Amino acid sequence: MDPVAAPALPHPDPGLSHLDPGLPMSDPARPVADPAGRDVVAGYRAPGGLVLDKVIDHLDAHCREFIAHSPFATLATADAEGWPEISPRGGDRGFVHVLDDHRLALPDRPGNNRVDSLRNLTANPRAALMFFVPGVDQTLRVYGATSLLRPEELDLDLTEFGRAPLSVLVLQVRKAFFQCPKSVMRSGLWDPAQRLEPGTLTPFGRVIKDHCALESDLPDDATIWADLAQEL
């Protein structure tokens, strides 16, 4: 793929300290260190050479291949105070576009308009993506600094499900590596036997009704899903 021009990225903010999980989200207090936690971490054995040596600073052919087959990823960001946010991102296989060896583009599709992740990135441009491929146990982790662009700023057709994206996140890759498959193997994530039978969980509409303290019932899940399918 030919390189695609994009504006220069801002320099990432300084590193963020360990956060006190007891602080409320609105508390302006500065993050505090956790000496006891450091002692716990110190109890782990040192990682092997391959675990450290597998980290690269670009997207090679193996990373490109994996991203091209991935229909789902999680996006991790943090605000200026370091409070984290993680958000699912999905589309057709290869919905994240590799622009060149050091940049990828993640289109932002219609959602709930909370834009928590995007708002975080305007204050703290560091982000991480974890890519999943259905049926494959290893995952790919990519880290870097980001910039938010309008779709027309990239010479690239980003139409999907008949719609152009609302914005595009361009990530300048600082490091990338494949994650050990043990967690996915333990979970049996792709095992058909792990799928829940319909009706096992409380209907989604009931959950939203309870969380929002609504007096009236919401439509059944089939109706909600059909409506959502019109907004992809």
# chains A, B, ... in the order shown; residues from 1 in each chain; ligands from 1
call {"tool": "closest_atom_pairs", "arguments": {"of": "stretch 49-127 of chain A", "to": "stretch 142-153 of chain A", "cutoff": "6 Å", "atoms": "only C-alpha atoms", "output": "CSV"}}
result
residue,atom,partner,partner_atom,distance
A:Pro125,CA,A:Thr146,CA,5.1
A:Arg126,CA,A:Ala145,CA,4.5
A:Ala127,CA,A:Gly144,CA,5.8
call {"tool": "write_last_selection", "arguments": {"atoms": "N, CA, C and O atoms", "output": "JSON list (two decimals), in the first residue's frame"}}
result
[["chain", "number", "residue", "atom", "x", "y", "z"],
["A", 125, "PRO", "N", -2.60, 12.15, 23.96],
["A", 125, "PRO", "CA", -2.67, 11.45, 22.68],
["A", 125, "PRO", "C", -2.12, 10.03, 22.67],
["A", 125, "PRO", "O", -2.09, 9.40, 21.61],
["A", 126, "ARG", "N", -1.69, 9.52, 23.80],
["A", 126, "ARG", "CA", -1.22, 8.13, 23.81],
["A", 126, "ARG", "C", -2.40, 7.16, 23.79],
["A", 126, "ARG", "O", -3.41, 7.37, 24.45],
["A", 127, "ALA", "N", -2.24, 6.07, 23.03],
["A", 127, "ALA", "CA", -3.30, 5.08, 22.92],
["A", 127, "ALA", "C", -2.71, 3.72, 22.62],
["A", 127, "ALA", "O", -1.54, 3.59, 22.22]]
call {"tool": "residues_around", "arguments": {"residues": "stretch 219-228 of chain A", "least_positions_apart": "3", "cutoff": "10 Å", "atoms": "only C-alpha atoms", "output": "PyMOL selection string"}}
result
chain A and resi 111+203-206+216+231-232
call {"tool": "write_last_selection", "arguments": {"atoms": "N, CA and C atoms", "output": "mmCIF file, in the first residue's frame"}}
result
data_model
loop_
_atom_site.group_PDB
_atom_site.id
_atom_site.type_symbol
_atom_site.label_atom_id
_atom_site.label_comp_id
_atom_site.auth_asym_id
_atom_site.auth_seq_id
_atom_site.Cartn_x
_atom_site.Cartn_y
_atom_site.Cartn_z
ATOM 1 N N GLY A 111 -21.824 5.884 16.837
ATOM 2 C CA GLY A 111 -21.969 5.149 18.088
ATOM 3 C C GLY A 111 -22.938 5.862 19.005
ATOM 4 N N PRO A 203 -32.305 -9.611 29.683
ATOM 5 C CA PRO A 203 -32.412 -8.854 28.435
ATOM 6 C C PRO A 203 -31.743 -7.488 28.545
ATOM 7 N N PHE A 204 -31.072 -7.088 27.465
ATOM 8 C CA PHE A 204 -30.330 -5.835 27.461
ATOM 9 C C PHE A 204 -31.248 -4.642 27.759
ATOM 10 N N GLY A 205 -32.449 -4.668 27.190
ATOM 11 C CA GLY A 205 -33.389 -3.584 27.440
ATOM 12 C C GLY A 205 -33.732 -3.444 28.913
ATOM 13 N N ARG A 206 -33.826 -4.578 29.626
ATOM 14 C CA ARG A 206 -34.107 -4.537 31.061
ATOM 15 C C ARG A 206 -32.919 -3.946 31.816
ATOM 16 N N SER A 216 -40.848 3.113 32.294
ATOM 17 C CA SER A 216 -41.452 2.306 31.234
ATOM 18 C C SER A 216 -40.456 1.282 30.703
ATOM 19 N N GLU A 231 -28.018 1.486 11.959
ATOM 20 C CA GLU A 231 -27.113 2.608 12.244
ATOM 21 C C GLU A 231 -25.642 2.219 12.128
ATOM 22 N N LEU A 232 -25.340 1.040 11.628
ATOM 23 C CA LEU A 232 -23.951 0.604 11.565
ATOM 24 C C LEU A 232 -23.126 1.490 10.643
#
call {"tool": "closest_residue", "arguments": {"among": "A:Val51, A:Ala36, A:Val170, A:Ala80", "to": "A:Thr122", "atoms": "only C-alpha atoms"}}
result
A:Ala80
call {"tool": "closest_residue", "arguments": {"among": "A:His102, A:Arg45, A:His69, A:Arg186", "to": "A:Leu140", "atoms": "only C-alpha atoms"}}
result
A:His69
call {"tool": "select_by_dssp", "arguments": {"residues": "stretch 1-231 of chain A", "states": "strand (DSSP E or B)", "output": "PyMOL selection string"}}
result
chain A and resi 56+72-78+84-90+97-100+103-108+126-132+139-149+160+163+167-179
call {"tool": "select_by_dssp", "arguments": {"residues": "stretch 68-231 of chain A", "states": "helix (DSSP H, G or I)", "output": "mmCIF file with N, CA, C and O atoms, in the first residue's frame"}}
result
data_model
loop_
_atom_site.group_PDB
_atom_site.id
_atom_site.type_symbol
_atom_site.label_atom_id
_atom_site.label_comp_id
_atom_site.auth_asym_id
_atom_site.auth_seq_id
_atom_site.Cartn_x
_atom_site.Cartn_y
_atom_site.Cartn_z
ATOM 1 N N ALA A 68 -5.091 -7.020 8.743
ATOM 2 C CA ALA A 68 -5.928 -7.178 7.552
ATOM 3 C C ALA A 68 -7.038 -8.202 7.757
ATOM 4 O O ALA A 68 -8.067 -8.150 7.071
ATOM 5 N N HIS A 69 -6.858 -9.135 8.694
ATOM 6 C CA HIS A 69 -7.863 -10.166 8.947
ATOM 7 C C HIS A 69 -8.690 -9.880 10.199
ATOM 8 O O HIS A 69 -9.575 -10.670 10.542
ATOM 9 N N ASP A 116 -15.928 9.340 24.615
ATOM 10 C CA ASP A 116 -14.995 9.361 25.740
ATOM 11 C C ASP A 116 -13.553 9.169 25.274
ATOM 12 O O ASP A 116 -12.647 9.885 25.713
ATOM 13 N N SER A 117 -13.339 8.198 24.396
ATOM 14 C CA SER A 117 -11.978 7.919 23.936
ATOM 15 C C SER A 117 -11.412 9.095 23.157
ATOM 16 O O SER A 117 -10.256 9.499 23.361
ATOM 17 N N LEU A 118 -12.209 9.650 22.256
ATOM 18 C CA LEU A 118 -11.721 10.753 21.430
ATOM 19 C C LEU A 118 -11.445 11.985 22.282
ATOM 20 O O LEU A 118 -10.452 12.698 22.070
ATOM 21 N N ARG A 119 -12.304 12.236 23.251
ATOM 22 C CA ARG A 119 -12.070 13.375 24.145
ATOM 23 C C ARG A 119 -10.774 13.166 24.935
ATOM 24 O O ARG A 119 -10.000 14.104 25.138
ATOM 25 N N ASN A 120 -10.533 11.946 25.385
ATOM 26 C CA ASN A 120 -9.274 11.659 26.077
ATOM 27 C C ASN A 120 -8.072 11.986 25.201
ATOM 28 O O ASN A 120 -7.079 12.555 25.659
ATOM 29 N N LEU A 121 -8.165 11.612 23.935
ATOM 30 C CA LEU A 121 -7.022 11.768 23.047
ATOM 31 C C LEU A 121 -6.706 13.224 22.742
ATOM 32 O O LEU A 121 -5.582 13.546 22.344
ATOM 33 N N THR A 122 -7.677 14.109 22.901
ATOM 34 C CA THR A 122 -7.377 15.527 22.712
ATOM 35 C C THR A 122 -6.528 16.071 23.855
ATOM 36 O O THR A 122 -5.855 17.084 23.705
ATOM 37 N N ALA A 123 -6.555 15.399 25.013
ATOM 38 C CA ALA A 123 -5.772 15.823 26.168
ATOM 39 C C ALA A 123 -4.518 14.988 26.359
ATOM 40 O O ALA A 123 -3.488 15.484 26.828
ATOM 41 N N PRO A 151 -12.199 12.800 7.862
ATOM 42 C CA PRO A 151 -11.988 11.770 6.831
ATOM 43 C C PRO A 151 -11.391 12.309 5.538
ATOM 44 O O PRO A 151 -10.556 11.647 4.912
ATOM 45 N N GLU A 152 -11.774 13.517 5.144
ATOM 46 C CA GLU A 152 -11.292 14.067 3.883
ATOM 47 C C GLU A 152 -9.814 14.447 3.929
ATOM 48 O O GLU A 152 -9.213 14.726 2.885
ATOM 49 N N GLU A 153 -9.210 14.447 5.104
ATOM 50 C CA GLU A 153 -7.789 14.773 5.206
ATOM 51 C C GLU A 153 -6.902 13.614 4.773
ATOM 52 O O GLU A 153 -5.697 13.792 4.595
ATOM 53 N N LYS A 182 -2.216 -17.523 25.866
ATOM 54 C CA LYS A 182 -2.700 -18.266 27.029
ATOM 55 C C LYS A 182 -4.058 -17.789 27.527
ATOM 56 O O LYS A 182 -4.921 -18.598 27.890
ATOM 57 N N SER A 183 -4.276 -16.481 27.604
ATOM 58 C CA SER A 183 -5.540 -15.975 28.147
ATOM 59 C C SER A 183 -6.728 -16.412 27.298
ATOM 60 O O SER A 183 -7.770 -16.822 27.824
ATOM 61 N N VAL A 184 -6.588 -16.315 25.970
ATOM 62 C CA VAL A 184 -7.671 -16.727 25.090
ATOM 63 C C VAL A 184 -7.856 -18.243 25.161
ATOM 64 O O VAL A 184 -8.984 -18.746 25.134
ATOM 65 N N MET A 185 -6.762 -18.969 25.277
ATOM 66 C CA MET A 185 -6.857 -20.419 25.411
ATOM 67 C C MET A 185 -7.591 -20.796 26.694
ATOM 68 O O MET A 185 -8.465 -21.678 26.690
ATOM 69 N N ARG A 186 -7.260 -20.129 27.801
ATOM 70 C CA ARG A 186 -7.926 -20.437 29.072
ATOM 71 C C ARG A 186 -9.424 -20.156 28.990
ATOM 72 O O ARG A 186 -10.242 -20.867 29.563
ATOM 73 N N SER A 187 -9.777 -19.063 28.318
ATOM 74 C CA SER A 187 -11.178 -18.644 28.263
ATOM 75 C C SER A 187 -12.019 -19.510 27.343
ATOM 76 O O SER A 187 -13.251 -19.541 27.476
ATOM 77 N N PRO A 192 -17.248 -23.109 20.469
ATOM 78 C CA PRO A 192 -18.718 -23.017 20.370
ATOM 79 C C PRO A 192 -19.431 -23.451 21.652
ATOM 80 O O PRO A 192 -20.523 -22.957 21.958
ATOM 81 N N ALA A 193 -18.809 -24.340 22.411
ATOM 82 C CA ALA A 193 -19.436 -24.810 23.643
ATOM 83 C C ALA A 193 -19.514 -23.719 24.706
ATOM 84 O O ALA A 193 -20.275 -23.840 25.675
ATOM 85 N N GLN A 194 -18.726 -22.653 24.529
ATOM 86 C CA GLN A 194 -18.730 -21.556 25.485
ATOM 87 C C GLN A 194 -19.837 -20.538 25.212
ATOM 88 O O GLN A 194 -20.069 -19.643 26.027
ATOM 89 N N PHE A 204 -31.072 -7.088 27.465
ATOM 90 C CA PHE A 204 -30.330 -5.835 27.461
ATOM 91 C C PHE A 204 -31.248 -4.642 27.759
ATOM 92 O O PHE A 204 -30.883 -3.718 28.498
ATOM 93 N N GLY A 205 -32.449 -4.668 27.190
ATOM 94 C CA GLY A 205 -33.389 -3.584 27.440
ATOM 95 C C GLY A 205 -33.732 -3.444 28.913
ATOM 96 O O GLY A 205 -33.902 -2.329 29.421
ATOM 97 N N ARG A 206 -33.826 -4.578 29.626
ATOM 98 C CA ARG A 206 -34.107 -4.537 31.061
ATOM 99 C C ARG A 206 -32.919 -3.946 31.816
ATOM 100 O O ARG A 206 -33.091 -3.177 32.775
ATOM 101 N N VAL A 207 -31.717 -4.305 31.411
ATOM 102 C CA VAL A 207 -30.516 -3.766 32.062
ATOM 103 C C VAL A 207 -30.490 -2.241 31.927
ATOM 104 O O VAL A 207 -30.246 -1.514 32.909
ATOM 105 N N ILE A 208 -30.729 -1.729 30.713
ATOM 106 C CA ILE A 208 -30.701 -0.290 30.496
ATOM 107 C C ILE A 208 -31.826 0.394 31.267
ATOM 108 O O ILE A 208 -31.641 1.466 31.857
ATOM 109 N N LYS A 209 -32.990 -0.226 31.306
ATOM 110 C CA LYS A 209 -34.097 0.336 32.079
ATOM 111 C C LYS A 209 -33.710 0.490 33.551
ATOM 112 O O LYS A 209 -33.949 1.543 34.162
ATOM 113 N N ASP A 210 -33.107 -0.559 34.119
ATOM 114 C CA ASP A 210 -32.733 -0.516 35.531
ATOM 115 C C ASP A 210 -31.624 0.499 35.786
ATOM 116 O O ASP A 210 -31.667 1.257 36.757
ATOM 117 N N HIS A 211 -30.611 0.516 34.933
ATOM 118 C CA HIS A 211 -29.482 1.432 35.143
ATOM 119 C C HIS A 211 -29.914 2.888 34.974
ATOM 120 O O HIS A 211 -29.341 3.782 35.611
ATOM 121 N N ASP A 221 -35.215 -7.107 22.991
ATOM 122 C CA ASP A 221 -33.863 -7.040 22.436
ATOM 123 C C ASP A 221 -33.845 -7.194 20.921
ATOM 124 O O ASP A 221 -33.029 -6.574 20.237
ATOM 125 N N ALA A 222 -34.722 -8.019 20.374
ATOM 126 C CA ALA A 222 -34.756 -8.201 18.920
ATOM 127 C C ALA A 222 -35.056 -6.876 18.225
ATOM 128 O O ALA A 222 -34.453 -6.548 17.193
ATOM 129 N N THR A 223 -35.962 -6.104 18.802
ATOM 130 C CA THR A 223 -36.296 -4.804 18.226
ATOM 131 C C THR A 223 -35.141 -3.826 18.382
ATOM 132 O O THR A 223 -34.806 -3.085 17.453
ATOM 133 N N ILE A 224 -34.506 -3.827 19.553
ATOM 134 C CA ILE A 224 -33.348 -2.940 19.776
ATOM 135 C C ILE A 224 -32.242 -3.264 18.798
ATOM 136 O O ILE A 224 -31.647 -2.373 18.179
ATOM 137 N N TRP A 225 -31.949 -4.563 18.634
ATOM 138 C CA TRP A 225 -30.872 -4.976 17.726
ATOM 139 C C TRP A 225 -31.202 -4.601 16.277
ATOM 140 O O TRP A 225 -30.327 -4.199 15.534
ATOM 141 N N ALA A 226 -32.451 -4.760 15.889
ATOM 142 C CA ALA A 226 -32.844 -4.412 14.515
ATOM 143 C C ALA A 226 -32.661 -2.919 14.275
ATOM 144 O O ALA A 226 -32.215 -2.495 13.179
ATOM 145 N N ASP A 227 -32.979 -2.095 15.263
ATOM 146 C CA ASP A 227 -32.779 -0.652 15.139
ATOM 147 C C ASP A 227 -31.292 -0.313 15.053
ATOM 148 O O ASP A 227 -30.881 0.519 14.230
ATOM 149 N N LEU A 228 -30.493 -0.961 15.902
ATOM 150 C CA LEU A 228 -29.052 -0.699 15.875
ATOM 151 C C LEU A 228 -28.442 -1.087 14.528
ATOM 152 O O LEU A 228 -27.521 -0.429 14.037
ATOM 153 N N ALA A 229 -28.955 -2.161 13.936
ATOM 154 C CA ALA A 229 -28.411 -2.627 12.655
ATOM 155 C C ALA A 229 -28.604 -1.599 11.542
ATOM 156 O O ALA A 229 -27.855 -1.613 10.552
#
call {"tool": "residues_around", "arguments": {"residues": "A:Thr159", "least_positions_apart": "5", "cutoff": "10 Å", "atoms": "only C-alpha atoms", "output": "JSON, numbers by chain"}}
result
{"A": [95, 107, 109, 151, 164, 165]}
call {"tool": "write_last_selection", "arguments": {"atoms": "N, CA and C atoms", "output": "PDB file, in the first residue's frame"}}
result
ATOM      1  N   PHE A  95     -10.815  -3.415   8.872  1.00  0.00           N
ATOM      2  CA  PHE A  95     -11.434  -2.088   9.021  1.00  0.00           C
ATOM      3  C   PHE A  95     -10.439  -1.052   9.519  1.00  0.00           C
ATOM      4  N   PRO A 107     -10.979   4.336  11.530  1.00  0.00           N
ATOM      5  CA  PRO A 107     -12.167   5.176  11.322  1.00  0.00           C
ATOM      6  C   PRO A 107     -13.104   5.086  12.514  1.00  0.00           C
ATOM      7  N   ARG A 109     -16.859   5.127  13.646  1.00  0.00           N
ATOM      8  CA  ARG A 109     -18.196   4.932  13.095  1.00  0.00           C
ATOM      9  C   ARG A 109     -19.255   5.475  14.043  1.00  0.00           C
ATOM     10  N   PRO A 151     -12.199  12.800   7.862  1.00  0.00           N
ATOM     11  CA  PRO A 151     -11.988  11.770   6.831  1.00  0.00           C
ATOM     12  C   PRO A 151     -11.391  12.309   5.538  1.00  0.00           C
ATOM     13  N   ALA A 164     -19.487   7.006   5.369  1.00  0.00           N
ATOM     14  CA  ALA A 164     -18.148   7.512   5.657  1.00  0.00           C
ATOM     15  C   ALA A 164     -18.005   7.647   7.174  1.00  0.00           C
ATOM     16  N   PRO A 165     -16.792   7.528   7.709  1.00  0.00           N
ATOM     17  CA  PRO A 165     -16.617   7.691   9.154  1.00  0.00           C
ATOM     18  C   PRO A 165     -16.823   9.139   9.570  1.00  0.00           C
TER      19      PRO A 165
END
call {"tool": "atom_distance", "arguments": {"atom1": "atom CA of A:Phe161", "atom2": "atom CA of A:Pro110"}}
result
10.8 Å
call {"tool": "atom_distance", "arguments": {"atom1": "atom CA of A:Val168", "atom2": "atom CA of A:Leu106"}}
result
5.6 Å
call {"tool": "closest_residue", "arguments": {"among": "A:Ala73, A:Ala105, A:Cys63, A:Leu189", "to": "A:Gly90", "atoms": "only C-alpha atoms"}}
result
A:Ala73
call {"tool": "closest_residue", "arguments": {"among": "A:Ile86, A:Val133, A:Ala33, A:Val41", "to": "A:Pro71", "atoms": "only C-alpha atoms"}}
result
A:Val133
call {"tool": "atom_distance", "arguments": {"atom1": "atom CA of A:Phe66", "atom2": "atom CA of A:Phe132"}}
result
8.4 Å
call {"tool": "closest_residue", "arguments": {"among": "A:Ala76, A:Leu50, A:Val96, A:Cys180", "to": "A:Leu156", "atoms": "only C-alpha atoms"}}
result
A:Val96
call {"tool": "decode", "arguments": {"residues": "stretch 207-222 of chain A", "atoms": "N, CA and C atoms", "output": "compact mmCIF listing (two decimals), in the first residue's frame"}}
result
# COMPACT_ATOMS: atom_id res chain seq x y z
N VAL A 207 -31.72 -4.31 31.41
CA VAL A 207 -30.52 -3.77 32.06
C VAL A 207 -30.49 -2.24 31.93
N ILE A 208 -30.73 -1.73 30.71
CA ILE A 208 -30.70 -0.29 30.50
C ILE A 208 -31.83 0.39 31.27
N LYS A 209 -32.99 -0.23 31.31
CA LYS A 209 -34.10 0.34 32.08
C LYS A 209 -33.71 0.49 33.55
N ASP A 210 -33.11 -0.56 34.12
CA ASP A 210 -32.73 -0.52 35.53
C ASP A 210 -31.62 0.50 35.79
N HIS A 211 -30.61 0.52 34.93
CA HIS A 211 -29.48 1.43 35.14
C HIS A 211 -29.91 2.89 34.97
N CYS A 212 -30.88 3.14 34.11
CA CYS A 212 -31.34 4.51 33.87
C CYS A 212 -32.54 4.87 34.72
N ALA A 213 -32.97 3.93 35.56
CA ALA A 213 -34.12 4.15 36.45
C ALA A 213 -35.35 4.62 35.67
N LEU A 214 -35.63 3.92 34.56
CA LEU A 214 -36.79 4.27 33.74
C LEU A 214 -38.05 3.64 34.31
N GLU A 215 -39.16 4.32 34.14
CA GLU A 215 -40.43 3.77 34.60
C GLU A 215 -41.04 2.82 33.57
N SER A 216 -40.85 3.11 32.29
CA SER A 216 -41.45 2.31 31.23
C SER A 216 -40.46 1.28 30.70
N ASP A 217 -40.98 0.16 30.22
CA ASP A 217 -40.13 -0.86 29.62
C ASP A 217 -39.61 -0.38 28.27
N LEU A 218 -38.44 -0.86 27.92
CA LEU A 218 -37.89 -0.62 26.59
C LEU A 218 -38.34 -1.75 25.66
N PRO A 219 -38.20 -1.58 24.35
CA PRO A 219 -38.55 -2.67 23.42
C PRO A 219 -37.75 -3.92 23.72
N ASP A 220 -38.22 -5.05 23.20
CA ASP A 220 -37.46 -6.30 23.39
C ASP A 220 -36.14 -6.21 22.64
N ASP A 221 -35.21 -7.11 22.99
CA ASP A 221 -33.86 -7.04 22.44
C ASP A 221 -33.84 -7.19 20.92
N ALA A 222 -34.72 -8.02 20.37
CA ALA A 222 -34.76 -8.20 18.92
C ALA A 222 -35.06 -6.88 18.23
